[in-house]
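**Q** My questions will all concern the structure given below.
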Amino acid sequence: MTRSQGATTTTDAPGPPDHRLGFVSTEEEVSVTALPVRGTIPAWLDGALLRNGPAKFEAGGQGFRHWFDGLAMLHRFAFAGGRVAYANRFLDSPDYRAVRERGRIGYSTFATDPCRSIFARVAARFTGGVGLNANVSIGRVADQFVAWTETPLPIAFDPETLRAAGVLDWEDRLDATTTTPHPLTDPASGDTFNNLVRFGGTSRYTLHRIPAGERRRLPLAALPVREPAYMHSFGLTAGHLVLAEYPLTVNPLRMLLRGRPFAENLRWRPERPTRFLIARRDGGGWLPPAEGGAFFCFHHVNAQERDGELLVDLLAYPDPAIIDALYLDRLRRPAAELALPPLPELRRCRVPLDGGAVRYERLARMGLELPRINDRHRGWDYRYVYGVGQREDGQPDFQNQLVKVDLRTGDAAVWHEAGCYPGEPVFVAAPGARAEDDGVLLSVVLDARRGRSFLLVLDAPSLGELARAEAPHRIPLGFHGCYADRLTAGSKV
Ligand code: CO
């Protein structure tokens, strides 16, 4: 069942039966035709869940410093007739090759810069210090599946074999240093949107459109900025794109010259506002500026237009302390010493379309991260947000439950099991679904007590468990993924 490569389990030694197992490297690459299943997988589920995340945290005796720096591993859970096949494989990126072939970390990463040679600085300059280790998310550009990180050079891969096919070949000449790993697709047009950031003497944001089925990025609105902000995602509505520009900024020249890891170049300036930069999707340029109080955010949830306002829903932290909290030496502490900042609040930012002051309101009592919605509601009114949360039992721990927030009531339903650490829940609509939540949630859960992971299938309306498929090994905690339906995944199970 395995096609194991090289060393296997030296780093797979059993660790403490808690969240720390999620930050221990794994080396094992396997392909399994049918996982043991408990419960009943809906027969209509016939695509594949593709996941991305870091899985190896050291090379040649050096350790990566930050969770975001671990080498990317892809995972595939493919469904057919109630059965689940599974495979995983390291993403064959330039960073991965550098580690495999030279036995060391060869590129400057988000927060690790072990090699201050000229070569490393040149590489850092080329990639903005973020690297080509695309370990964050999975998306599609034209007919290709790609793994994304925060460089605008996603890595294409085969969704069946998980073999990498090289850096995506854009059919345009846009020049940029970073991007967001959360491009958004309009459910009506199929067009995809994203932001590019170019660092330099004059830095620039470029919001752009990727027409459905194409590999061209067409600029919609560009804005010169002196010190660009670190923005991990953005918002999309029927008529607009919105950047929430938190006052966590990079001095681009200092960064390019010093070649320090990206995270060490970020400066928090809470005396500055969060600017909401809104561009018209029809190419008509920027709307008048709007501002609110400083906050930090990784993830927008959704946005929509209503009564002359943009409603921009996102997960807001009071400050960027979460970035430091995700250094591996801190994540590998026992739960009682984790000292993670509280989960971000689900915040609605009411942004007037004619500019001015932005008002904030809290939409849910419970904090959450790694938010997902029913993507058919992207840019429009919606009712449910899914994510990972933390049990409110007074015990410090890493995120240990799945949550479903009902925006009408602000209440949340939860799924929790002792010793289990679930990942981002991906919503999959049932065929012919009418209700927004008619479908299932798919989440890869680390069962720390057993030292293994499983794929959990929840009934999205109730959060009741429908089934779980036991993976043959432990899967380190990951970031994002997507569900590819049978046709687009080309999946044969
Ligand atoms: Co993200």
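Lettering and numbering for the structure tokens are positional, with chains as A, B, ... in the shown order, residues counted from 1 in each chain, and ligands counted from 1 in the shown order.
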Please return as a PyMOL selection string the residues found within 8 Å of ligand 1, counting only C-alpha atoms and all ligand atoms.
**A** chain A and resi 136-137+181-182+232-233+298-299+370+479-480
**Q** Could you please take those selected residues and save C-alpha atoms as a CSV table (one decimal), in the first residue's frame?
**A**
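And here's result.csv as it stands now:
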```csv
chain,number,residue,atom,x,y,z
A,136,VAL,CA,-1.0,27.2,2.1
A,137,SER,CA,-4.0,26.5,-0.2
A,181,PRO,CA,-3.1,32.5,-1.3
A,182,HIS,CA,-6.9,33.1,-1.3
A,232,HIS,CA,-3.5,37.3,3.4
A,233,SER,CA,-6.9,37.6,1.8
A,298,PHE,CA,-5.7,36.6,8.1
A,299,HIS,CA,-9.1,35.6,6.7
A,370,LEU,CA,-10.0,28.9,9.0
A,479,PHE,CA,-4.1,25.1,6.4
A,480,HIS,CA,-6.5,25.0,3.4
```
**Q** Got a sec to tell me which of stretch 144-282 of chain A DSSP assigns to helix (DSSP H, G or I), as a PDB file with N, CA, C and O atoms, in the first residue's frame?
**A**
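Okay, this is what ended up in selection_38.pdb:
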```pdb
ATOM      1  N   PRO A 252       9.629  48.118   2.060  1.00  0.00           N
ATOM      2  CA  PRO A 252      10.053  47.219   0.993  1.00  0.00           C
ATOM      3  C   PRO A 252      11.542  47.279   0.700  1.00  0.00           C
ATOM      4  O   PRO A 252      12.171  46.246   0.473  1.00  0.00           O
ATOM      5  N   LEU A 253      12.118  48.481   0.735  1.00  0.00           N
ATOM      6  CA  LEU A 253      13.544  48.563   0.401  1.00  0.00           C
ATOM      7  C   LEU A 253      14.388  47.898   1.466  1.00  0.00           C
ATOM      8  O   LEU A 253      15.328  47.153   1.175  1.00  0.00           O
ATOM      9  N   ARG A 254      14.037  48.161   2.725  1.00  0.00           N
ATOM     10  CA  ARG A 254      14.799  47.546   3.804  1.00  0.00           C
ATOM     11  C   ARG A 254      14.708  46.020   3.690  1.00  0.00           C
ATOM     12  O   ARG A 254      15.683  45.306   3.836  1.00  0.00           O
ATOM     13  N   MET A 255      13.519  45.553   3.372  1.00  0.00           N
ATOM     14  CA  MET A 255      13.342  44.104   3.261  1.00  0.00           C
ATOM     15  C   MET A 255      14.170  43.540   2.112  1.00  0.00           C
ATOM     16  O   MET A 255      14.854  42.517   2.261  1.00  0.00           O
ATOM     17  N   LEU A 256      14.127  44.204   0.960  1.00  0.00           N
ATOM     18  CA  LEU A 256      14.840  43.671  -0.201  1.00  0.00           C
ATOM     19  C   LEU A 256      16.342  43.728   0.024  1.00  0.00           C
ATOM     20  O   LEU A 256      17.075  42.838  -0.388  1.00  0.00           O
ATOM     21  N   LEU A 257      16.818  44.769   0.706  1.00  0.00           N
ATOM     22  CA  LEU A 257      18.259  44.905   0.900  1.00  0.00           C
ATOM     23  C   LEU A 257      18.773  43.974   1.982  1.00  0.00           C
ATOM     24  O   LEU A 257      19.834  43.378   1.856  1.00  0.00           O
ATOM     25  N   ARG A 258      18.032  43.869   3.062  1.00  0.00           N
ATOM     26  CA  ARG A 258      18.543  43.070   4.174  1.00  0.00           C
ATOM     27  C   ARG A 258      18.310  41.587   3.985  1.00  0.00           C
ATOM     28  O   ARG A 258      18.973  40.771   4.603  1.00  0.00           O
ATOM     29  N   PHE A 262      10.549  37.296   5.813  1.00  0.00           N
ATOM     30  CA  PHE A 262       9.398  38.177   5.623  1.00  0.00           C
ATOM     31  C   PHE A 262       8.803  38.632   6.955  1.00  0.00           C
ATOM     32  O   PHE A 262       8.576  39.822   7.170  1.00  0.00           O
ATOM     33  N   ALA A 263       8.553  37.683   7.854  1.00  0.00           N
ATOM     34  CA  ALA A 263       7.853  38.007   9.101  1.00  0.00           C
ATOM     35  C   ALA A 263       8.622  39.019   9.942  1.00  0.00           C
ATOM     36  O   ALA A 263       8.034  39.793  10.698  1.00  0.00           O
ATOM     37  N   GLU A 264       9.960  39.027   9.795  1.00  0.00           N
ATOM     38  CA  GLU A 264      10.755  39.948  10.616  1.00  0.00           C
ATOM     39  C   GLU A 264      10.767  41.363  10.067  1.00  0.00           C
ATOM     40  O   GLU A 264      11.319  42.278  10.677  1.00  0.00           O
ATOM     41  N   ASN A 265      10.193  41.544   8.899  1.00  0.00           N
ATOM     42  CA  ASN A 265      10.120  42.881   8.309  1.00  0.00           C
ATOM     43  C   ASN A 265       8.789  43.576   8.581  1.00  0.00           C
ATOM     44  O   ASN A 265       8.584  44.700   8.151  1.00  0.00           O
TER      45      ASN A 265
END
```
**Q** Just the residues within 7 Å of stretch 64-75 of chain A, please, counting only C-alpha atoms, with nothing from its chain fewer than 3 positions along; format it as a PDB file with all heavy atoms, in the first residue's frame.
**A**
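As a result, out-v6.pdb now contains:
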```pdb
ATOM      1  N   LEU A  50      -8.947  17.783  -1.624  1.00  0.00           N
ATOM      2  CA  LEU A  50      -7.506  18.009  -1.755  1.00  0.00           C
ATOM      3  C   LEU A  50      -7.080  18.970  -0.655  1.00  0.00           C
ATOM      4  O   LEU A  50      -7.708  20.016  -0.458  1.00  0.00           O
ATOM      5  CB  LEU A  50      -7.193  18.614  -3.127  1.00  0.00           C
ATOM      6  CG  LEU A  50      -7.605  17.758  -4.324  1.00  0.00           C
ATOM      7  CD1 LEU A  50      -7.524  18.562  -5.621  1.00  0.00           C
ATOM      8  CD2 LEU A  50      -6.727  16.517  -4.415  1.00  0.00           C
ATOM      9  N   ARG A  51      -6.019  18.593   0.069  1.00  0.00           N
ATOM     10  CA  ARG A  51      -5.580  19.416   1.201  1.00  0.00           C
ATOM     11  C   ARG A  51      -4.111  19.798   1.045  1.00  0.00           C
ATOM     12  O   ARG A  51      -3.319  19.065   0.460  1.00  0.00           O
ATOM     13  CB  ARG A  51      -5.733  18.644   2.525  1.00  0.00           C
ATOM     14  CG  ARG A  51      -7.134  18.202   2.871  1.00  0.00           C
ATOM     15  CD  ARG A  51      -8.037  19.335   3.252  1.00  0.00           C
ATOM     16  NE  ARG A  51      -7.476  20.194   4.299  1.00  0.00           N
ATOM     17  CZ  ARG A  51      -7.955  21.400   4.605  1.00  0.00           C
ATOM     18  NH1 ARG A  51      -8.975  21.898   3.941  1.00  0.00           N
ATOM     19  NH2 ARG A  51      -7.407  22.118   5.549  1.00  0.00           N
ATOM     20  N   ASN A  52      -3.761  20.928   1.649  1.00  0.00           N
ATOM     21  CA  ASN A  52      -2.377  21.393   1.616  1.00  0.00           C
ATOM     22  C   ASN A  52      -1.973  21.791   3.033  1.00  0.00           C
ATOM     23  O   ASN A  52      -2.810  22.218   3.833  1.00  0.00           O
ATOM     24  CB  ASN A  52      -2.269  22.604   0.677  1.00  0.00           C
ATOM     25  CG  ASN A  52      -0.845  22.890   0.240  1.00  0.00           C
ATOM     26  OD1 ASN A  52       0.101  22.308   0.759  1.00  0.00           O
ATOM     27  ND2 ASN A  52      -0.693  23.788  -0.713  1.00  0.00           N
ATOM     28  N   GLY A  53      -0.690  21.667   3.324  1.00  0.00           N
ATOM     29  CA  GLY A  53      -0.206  22.104   4.634  1.00  0.00           C
ATOM     30  C   GLY A  53       1.233  21.683   4.832  1.00  0.00           C
ATOM     31  O   GLY A  53       1.768  20.868   4.067  1.00  0.00           O
ATOM     32  N   PRO A  54       1.887  22.245   5.834  1.00  0.00           N
ATOM     33  CA  PRO A  54       3.281  21.895   6.096  1.00  0.00           C
ATOM     34  C   PRO A  54       3.375  20.525   6.756  1.00  0.00           C
ATOM     35  O   PRO A  54       2.544  20.173   7.585  1.00  0.00           O
ATOM     36  CB  PRO A  54       3.737  22.993   7.061  1.00  0.00           C
ATOM     37  CG  PRO A  54       2.493  23.478   7.727  1.00  0.00           C
ATOM     38  CD  PRO A  54       1.357  23.238   6.780  1.00  0.00           C
ATOM     39  N   ALA A  55       4.405  19.747   6.376  1.00  0.00           N
ATOM     40  CA  ALA A  55       4.525  18.393   6.936  1.00  0.00           C
ATOM     41  C   ALA A  55       5.947  18.049   7.357  1.00  0.00           C
ATOM     42  O   ALA A  55       6.164  17.017   7.968  1.00  0.00           O
ATOM     43  CB  ALA A  55       4.022  17.356   5.933  1.00  0.00           C
ATOM     44  N   LYS A  56       6.909  18.899   6.999  1.00  0.00           N
ATOM     45  CA  LYS A  56       8.294  18.619   7.393  1.00  0.00           C
ATOM     46  C   LYS A  56       8.901  19.921   7.867  1.00  0.00           C
ATOM     47  O   LYS A  56       8.883  20.928   7.157  1.00  0.00           O
ATOM     48  CB  LYS A  56       9.067  18.050   6.213  1.00  0.00           C
ATOM     49  CG  LYS A  56      10.499  17.650   6.551  1.00  0.00           C
ATOM     50  CD  LYS A  56      11.128  16.909   5.370  1.00  0.00           C
ATOM     51  CE  LYS A  56      12.623  16.731   5.539  1.00  0.00           C
ATOM     52  NZ  LYS A  56      13.022  15.969   6.738  1.00  0.00           N
ATOM     53  N   PHE A  57       9.444  19.884   9.070  1.00  0.00           N
ATOM     54  CA  PHE A  57       9.816  21.123   9.748  1.00  0.00           C
ATOM     55  C   PHE A  57      11.310  21.251   9.987  1.00  0.00           C
ATOM     56  O   PHE A  57      11.745  22.112  10.745  1.00  0.00           O
ATOM     57  CB  PHE A  57       9.066  21.235  11.080  1.00  0.00           C
ATOM     58  CG  PHE A  57       7.574  21.237  10.917  1.00  0.00           C
ATOM     59  CD1 PHE A  57       6.841  20.073  11.091  1.00  0.00           C
ATOM     60  CD2 PHE A  57       6.905  22.401  10.566  1.00  0.00           C
ATOM     61  CE1 PHE A  57       5.463  20.075  10.929  1.00  0.00           C
ATOM     62  CE2 PHE A  57       5.531  22.416  10.402  1.00  0.00           C
ATOM     63  CZ  PHE A  57       4.805  21.245  10.587  1.00  0.00           C
ATOM     64  N   GLU A  58      12.107  20.364   9.372  1.00  0.00           N
ATOM     65  CA  GLU A  58      13.553  20.488   9.521  1.00  0.00           C
ATOM     66  C   GLU A  58      14.237  19.889   8.300  1.00  0.00           C
ATOM     67  O   GLU A  58      13.641  19.130   7.544  1.00  0.00           O
ATOM     68  CB  GLU A  58      14.070  19.815  10.794  1.00  0.00           C
ATOM     69  CG  GLU A  58      13.732  18.363  10.949  1.00  0.00           C
ATOM     70  CD  GLU A  58      12.311  18.126  11.397  1.00  0.00           C
ATOM     71  OE1 GLU A  58      11.846  18.715  12.388  1.00  0.00           O
ATOM     72  OE2 GLU A  58      11.635  17.340  10.719  1.00  0.00           O
ATOM     73  N   ALA A  87      -4.271   9.361  -0.627  1.00  0.00           N
ATOM     74  CA  ALA A  87      -2.855   9.432  -1.000  1.00  0.00           C
ATOM     75  C   ALA A  87      -2.285  10.739  -0.474  1.00  0.00           C
ATOM     76  O   ALA A  87      -3.019  11.703  -0.250  1.00  0.00           O
ATOM     77  CB  ALA A  87      -2.691   9.365  -2.517  1.00  0.00           C
ATOM     78  N   ASN A  88      -0.985  10.738  -0.232  1.00  0.00           N
ATOM     79  CA  ASN A  88      -0.320  11.986   0.155  1.00  0.00           C
ATOM     80  C   ASN A  88       1.058  12.023  -0.480  1.00  0.00           C
ATOM     81  O   ASN A  88       1.648  10.976  -0.771  1.00  0.00           O
ATOM     82  CB  ASN A  88      -0.222  12.110   1.683  1.00  0.00           C
ATOM     83  CG  ASN A  88       0.769  11.138   2.278  1.00  0.00           C
ATOM     84  OD1 ASN A  88       0.774   9.960   1.934  1.00  0.00           O
ATOM     85  ND2 ASN A  88       1.603  11.612   3.166  1.00  0.00           N
ATOM     86  N   ARG A  89       1.568  13.220  -0.710  1.00  0.00           N
ATOM     87  CA  ARG A  89       2.858  13.356  -1.378  1.00  0.00           C
ATOM     88  C   ARG A  89       3.403  14.745  -1.081  1.00  0.00           C
ATOM     89  O   ARG A  89       2.654  15.730  -1.079  1.00  0.00           O
ATOM     90  CB  ARG A  89       2.661  13.200  -2.887  1.00  0.00           C
ATOM     91  CG  ARG A  89       3.939  13.163  -3.695  1.00  0.00           C
ATOM     92  CD  ARG A  89       3.622  13.142  -5.179  1.00  0.00           C
ATOM     93  NE  ARG A  89       3.202  11.841  -5.676  1.00  0.00           N
ATOM     94  CZ  ARG A  89       4.033  10.889  -6.115  1.00  0.00           C
ATOM     95  NH1 ARG A  89       5.325  11.074  -6.090  1.00  0.00           N
ATOM     96  NH2 ARG A  89       3.561   9.759  -6.574  1.00  0.00           N
ATOM     97  N   PHE A  90       4.704  14.811  -0.820  1.00  0.00           N
ATOM     98  CA  PHE A  90       5.318  16.136  -0.699  1.00  0.00           C
ATOM     99  C   PHE A  90       5.177  16.882  -2.016  1.00  0.00           C
ATOM    100  O   PHE A  90       5.257  16.276  -3.090  1.00  0.00           O
ATOM    101  CB  PHE A  90       6.810  16.011  -0.347  1.00  0.00           C
ATOM    102  CG  PHE A  90       7.065  15.781   1.121  1.00  0.00           C
ATOM    103  CD1 PHE A  90       7.472  14.539   1.578  1.00  0.00           C
ATOM    104  CD2 PHE A  90       6.886  16.808   2.038  1.00  0.00           C
ATOM    105  CE1 PHE A  90       7.703  14.318   2.931  1.00  0.00           C
ATOM    106  CE2 PHE A  90       7.114  16.592   3.392  1.00  0.00           C
ATOM    107  CZ  PHE A  90       7.525  15.351   3.837  1.00  0.00           C
ATOM    108  N   LEU A  91       4.971  18.178  -1.933  1.00  0.00           N
ATOM    109  CA  LEU A  91       4.907  19.006  -3.135  1.00  0.00           C
ATOM    110  C   LEU A  91       6.332  19.231  -3.639  1.00  0.00           C
ATOM    111  O   LEU A  91       7.181  19.765  -2.922  1.00  0.00           O
ATOM    112  CB  LEU A  91       4.254  20.353  -2.825  1.00  0.00           C
ATOM    113  CG  LEU A  91       4.151  21.296  -4.021  1.00  0.00           C
ATOM    114  CD1 LEU A  91       3.132  20.784  -5.038  1.00  0.00           C
ATOM    115  CD2 LEU A  91       3.797  22.703  -3.574  1.00  0.00           C
ATOM    116  N   TYR A  96      11.576  22.298  -1.843  1.00  0.00           N
ATOM    117  CA  TYR A  96      11.635  20.877  -1.473  1.00  0.00           C
ATOM    118  C   TYR A  96      12.873  20.227  -2.080  1.00  0.00           C
ATOM    119  O   TYR A  96      13.588  19.466  -1.431  1.00  0.00           O
ATOM    120  CB  TYR A  96      10.362  20.193  -1.956  1.00  0.00           C
ATOM    121  CG  TYR A  96      10.320  18.713  -1.681  1.00  0.00           C
ATOM    122  CD1 TYR A  96      10.135  18.242  -0.381  1.00  0.00           C
ATOM    123  CD2 TYR A  96      10.458  17.788  -2.705  1.00  0.00           C
ATOM    124  CE1 TYR A  96      10.093  16.888  -0.123  1.00  0.00           C
ATOM    125  CE2 TYR A  96      10.412  16.431  -2.455  1.00  0.00           C
ATOM    126  CZ  TYR A  96      10.233  15.983  -1.161  1.00  0.00           C
ATOM    127  OH  TYR A  96      10.187  14.636  -0.909  1.00  0.00           O
ATOM    128  N   THR A 109      12.461  31.824   3.857  1.00  0.00           N
ATOM    129  CA  THR A 109      11.062  31.468   4.030  1.00  0.00           C
ATOM    130  C   THR A 109      10.340  32.570   4.786  1.00  0.00           C
ATOM    131  O   THR A 109      10.858  33.651   4.954  1.00  0.00           O
ATOM    132  CB  THR A 109      10.965  30.134   4.783  1.00  0.00           C
ATOM    133  OG1 THR A 109      11.713  30.271   5.989  1.00  0.00           O
ATOM    134  CG2 THR A 109      11.548  29.003   3.966  1.00  0.00           C
ATOM    135  N   PHE A 110       9.112  32.278   5.215  1.00  0.00           N
ATOM    136  CA  PHE A 110       8.306  33.294   5.888  1.00  0.00           C
ATOM    137  C   PHE A 110       9.024  33.824   7.124  1.00  0.00           C
ATOM    138  O   PHE A 110       9.064  35.003   7.377  1.00  0.00           O
ATOM    139  CB  PHE A 110       6.951  32.691   6.271  1.00  0.00           C
ATOM    140  CG  PHE A 110       5.991  33.658   6.891  1.00  0.00           C
ATOM    141  CD1 PHE A 110       5.242  34.515   6.108  1.00  0.00           C
ATOM    142  CD2 PHE A 110       5.830  33.715   8.275  1.00  0.00           C
ATOM    143  CE1 PHE A 110       4.348  35.408   6.681  1.00  0.00           C
ATOM    144  CE2 PHE A 110       4.942  34.595   8.855  1.00  0.00           C
ATOM    145  CZ  PHE A 110       4.196  35.445   8.054  1.00  0.00           C
ATOM    146  N   ALA A 111       9.621  32.940   7.897  1.00  0.00           N
ATOM    147  CA  ALA A 111      10.247  33.380   9.146  1.00  0.00           C
ATOM    148  C   ALA A 111      11.563  32.675   9.439  1.00  0.00           C
ATOM    149  O   ALA A 111      12.092  32.788  10.526  1.00  0.00           O
ATOM    150  CB  ALA A 111       9.284  33.152  10.313  1.00  0.00           C
ATOM    151  N   THR A 112      12.072  31.930   8.482  1.00  0.00           N
ATOM    152  CA  THR A 112      13.319  31.195   8.708  1.00  0.00           C
ATOM    153  C   THR A 112      14.334  31.625   7.664  1.00  0.00           C
ATOM    154  O   THR A 112      14.049  31.572   6.482  1.00  0.00           O
ATOM    155  CB  THR A 112      13.081  29.678   8.548  1.00  0.00           C
ATOM    156  OG1 THR A 112      11.995  29.302   9.386  1.00  0.00           O
ATOM    157  CG2 THR A 112      14.321  28.899   8.926  1.00  0.00           C
ATOM    158  N   ASN A 133       7.697  27.408  -1.621  1.00  0.00           N
ATOM    159  CA  ASN A 133       7.155  26.250  -0.937  1.00  0.00           C
ATOM    160  C   ASN A 133       5.662  26.473  -0.756  1.00  0.00           C
ATOM    161  O   ASN A 133       5.221  27.012   0.243  1.00  0.00           O
ATOM    162  CB  ASN A 133       7.883  26.116   0.409  1.00  0.00           C
ATOM    163  CG  ASN A 133       7.255  25.088   1.315  1.00  0.00           C
ATOM    164  OD1 ASN A 133       6.772  24.057   0.854  1.00  0.00           O
ATOM    165  ND2 ASN A 133       7.248  25.377   2.608  1.00  0.00           N
ATOM    166  N   ALA A 134       4.875  26.091  -1.763  1.00  0.00           N
ATOM    167  CA  ALA A 134       3.453  26.454  -1.804  1.00  0.00           C
ATOM    168  C   ALA A 134       2.648  25.574  -0.858  1.00  0.00           C
ATOM    169  O   ALA A 134       2.028  24.600  -1.274  1.00  0.00           O
ATOM    170  CB  ALA A 134       2.951  26.344  -3.230  1.00  0.00           C
ATOM    171  N   ASN A 135       2.624  25.927   0.422  1.00  0.00           N
ATOM    172  CA  ASN A 135       2.046  25.046   1.440  1.00  0.00           C
ATOM    173  C   ASN A 135       0.738  25.562   2.023  1.00  0.00           C
ATOM    174  O   ASN A 135       0.295  25.065   3.046  1.00  0.00           O
ATOM    175  CB  ASN A 135       3.059  24.834   2.573  1.00  0.00           C
ATOM    176  CG  ASN A 135       3.324  26.102   3.376  1.00  0.00           C
ATOM    177  OD1 ASN A 135       2.722  27.149   3.111  1.00  0.00           O
ATOM    178  ND2 ASN A 135       4.205  26.025   4.355  1.00  0.00           N
ATOM    179  N   LEU A 162      -0.986  13.660  -7.517  1.00  0.00           N
ATOM    180  CA  LEU A 162      -0.370  14.686  -6.664  1.00  0.00           C
ATOM    181  C   LEU A 162       1.056  15.024  -7.104  1.00  0.00           C
ATOM    182  O   LEU A 162       1.800  15.680  -6.376  1.00  0.00           O
ATOM    183  CB  LEU A 162      -0.386  14.279  -5.177  1.00  0.00           C
ATOM    184  CG  LEU A 162      -1.766  13.943  -4.592  1.00  0.00           C
ATOM    185  CD1 LEU A 162      -1.639  13.588  -3.109  1.00  0.00           C
ATOM    186  CD2 LEU A 162      -2.742  15.097  -4.766  1.00  0.00           C
ATOM    187  N   LEU A 326       2.547  31.631  16.475  1.00  0.00           N
ATOM    188  CA  LEU A 326       2.604  30.448  15.619  1.00  0.00           C
ATOM    189  C   LEU A 326       4.043  30.039  15.286  1.00  0.00           C
ATOM    190  O   LEU A 326       4.266  29.216  14.397  1.00  0.00           O
ATOM    191  CB  LEU A 326       1.786  30.676  14.341  1.00  0.00           C
ATOM    192  CG  LEU A 326       0.292  30.969  14.594  1.00  0.00           C
ATOM    193  CD1 LEU A 326      -0.440  31.204  13.275  1.00  0.00           C
ATOM    194  CD2 LEU A 326      -0.403  29.860  15.377  1.00  0.00           C
ATOM    195  N   TYR A 327       5.035  30.604  15.992  1.00  0.00           N
ATOM    196  CA  TYR A 327       6.392  30.060  15.897  1.00  0.00           C
ATOM    197  C   TYR A 327       6.368  28.668  16.515  1.00  0.00           C
ATOM    198  O   TYR A 327       5.683  28.418  17.524  1.00  0.00           O
ATOM    199  CB  TYR A 327       7.398  30.969  16.613  1.00  0.00           C
ATOM    200  CG  TYR A 327       7.895  32.104  15.740  1.00  0.00           C
ATOM    201  CD1 TYR A 327       7.255  33.339  15.739  1.00  0.00           C
ATOM    202  CD2 TYR A 327       8.981  31.926  14.893  1.00  0.00           C
ATOM    203  CE1 TYR A 327       7.680  34.375  14.914  1.00  0.00           C
ATOM    204  CE2 TYR A 327       9.422  32.948  14.063  1.00  0.00           C
ATOM    205  CZ  TYR A 327       8.773  34.173  14.073  1.00  0.00           C
ATOM    206  OH  TYR A 327       9.197  35.169  13.242  1.00  0.00           O
ATOM    207  N   LEU A 328       7.120  27.758  15.917  1.00  0.00           N
ATOM    208  CA  LEU A 328       7.023  26.352  16.324  1.00  0.00           C
ATOM    209  C   LEU A 328       7.448  26.122  17.763  1.00  0.00           C
ATOM    210  O   LEU A 328       6.887  25.271  18.454  1.00  0.00           O
ATOM    211  CB  LEU A 328       7.846  25.485  15.365  1.00  0.00           C
ATOM    212  CG  LEU A 328       7.208  25.355  13.969  1.00  0.00           C
ATOM    213  CD1 LEU A 328       8.230  24.872  12.947  1.00  0.00           C
ATOM    214  CD2 LEU A 328       5.998  24.418  14.017  1.00  0.00           C
TER     215      LEU A 328
END
```
**Q** Which residue, A:Arg38, A:His240, A:Arg20, A:Arg140, has the smallest gap to A:Val457 when you use only C-alpha atoms?
**A**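 Selected residue with least distance to A:Val457: A:Arg38.
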**Q** List the neighbours of A:Phe157 out to 6 Å using only C-alpha atoms; skip same-chain residues closer than 2 positions along the sequence, and give me the result as a compact mmCIF listing (two decimals) with C-alpha atoms, in the first residue's frame.
**A**
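Saved the output as result-v2.txt:
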```txt
# COMPACT_ATOMS: atom_id res chain seq x y z
CA PHE A 145 -4.87 22.53 -10.09
CA VAL A 146 -2.31 24.62 -8.24
CA LEU A 162 -0.37 14.69 -6.66
CA ARG A 163 2.76 14.95 -8.82
CA ALA A 164 3.92 18.53 -9.30
CA ALA A 165 4.12 19.91 -12.83
```
**Q** In Å to one decimal, how far is atom CA of A:Gly63 from atom CA of A:Ile155?
**A**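 Interatomic distance here is 23.7 Å.
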**Q** Hey, can you check how far atom CA of A:Gly387 sits from atom CA of A:Tyr483?
**A** 15.6 Å
**Q** Rank A:Leu446, A:Ala147, A:Ala435, A:Ala364 by their smallest atom-to-atom distance to A:Val24, using only C-alpha atoms, and report the top residue only.
**A**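 Checking each candidate against A:Val24, we get A:Leu446 as the closest.
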**Q** List the neighbours of stretch 287-292 of chain A out to 7 Å using only C-alpha atoms; skip same-chain residues closer than 6 positions along the sequence, and give me the result as an MDAnalysis selection string.
**A** chainID A and resid 273:279 351 353:359
**Q** Please produce, as CSV, a per-residue contact table for stretch 229-272 of chain A versus stretch 302-311 of chain A (criterion: any atom at most 10 Å away, only C-alpha atoms considered), showing the nearest atom pair and its distance in Å to one decimal, sorted by chain then residue number.
**A**
```
residue,atom,partner,partner_atom,distance
A:Phe234,CA,A:Asn302,CA,8.8
A:Gly235,CA,A:Ala303,CA,5.7
A:Leu236,CA,A:Ala303,CA,5.9
A:Thr237,CA,A:Gln304,CA,5.0
A:Ala238,CA,A:Gln304,CA,7.2
A:Gly239,CA,A:Glu305,CA,8.1
A:His240,CA,A:Glu305,CA,8.7
A:Leu241,CA,A:Ala303,CA,9.0
A:Val242,CA,A:Ala303,CA,8.5
```
**Q** Output C-alpha atoms for every residue in the selection just made, as an mmCIF file, in the first residue's frame.
**A**
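Result file is selection.cif:
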```
data_model
loop_
_atom_site.group_PDB
_atom_site.id
_atom_site.type_symbol
_atom_site.label_atom_id
_atom_site.label_comp_id
_atom_site.auth_asym_id
_atom_site.auth_seq_id
_atom_site.Cartn_x
_atom_site.Cartn_y
_atom_site.Cartn_z
ATOM 1 C CA PHE A 234 -9.503 40.099 0.550
ATOM 2 C CA GLY A 235 -13.226 40.434 -0.168
ATOM 3 C CA LEU A 236 -15.347 40.082 -3.304
ATOM 4 C CA THR A 237 -18.884 41.320 -3.980
ATOM 5 C CA ALA A 238 -21.031 41.390 -7.108
ATOM 6 C CA GLY A 239 -19.621 44.766 -8.101
ATOM 7 C CA HIS A 240 -16.449 45.352 -6.073
ATOM 8 C CA LEU A 241 -13.198 44.036 -4.652
ATOM 9 C CA VAL A 242 -12.159 45.163 -1.193
#
```
**Q** Please determine, counting only C-alpha atoms, which residue among A:Arg204, A:Gly22, A:Gly82, A:Arg347 has the shortest atom-to-atom distance to A:Gly39.
**A**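 Of A:Arg204, A:Gly22, A:Gly82, A:Arg347, the one nearest A:Gly39 is A:Gly82, counting only C-alpha atoms.
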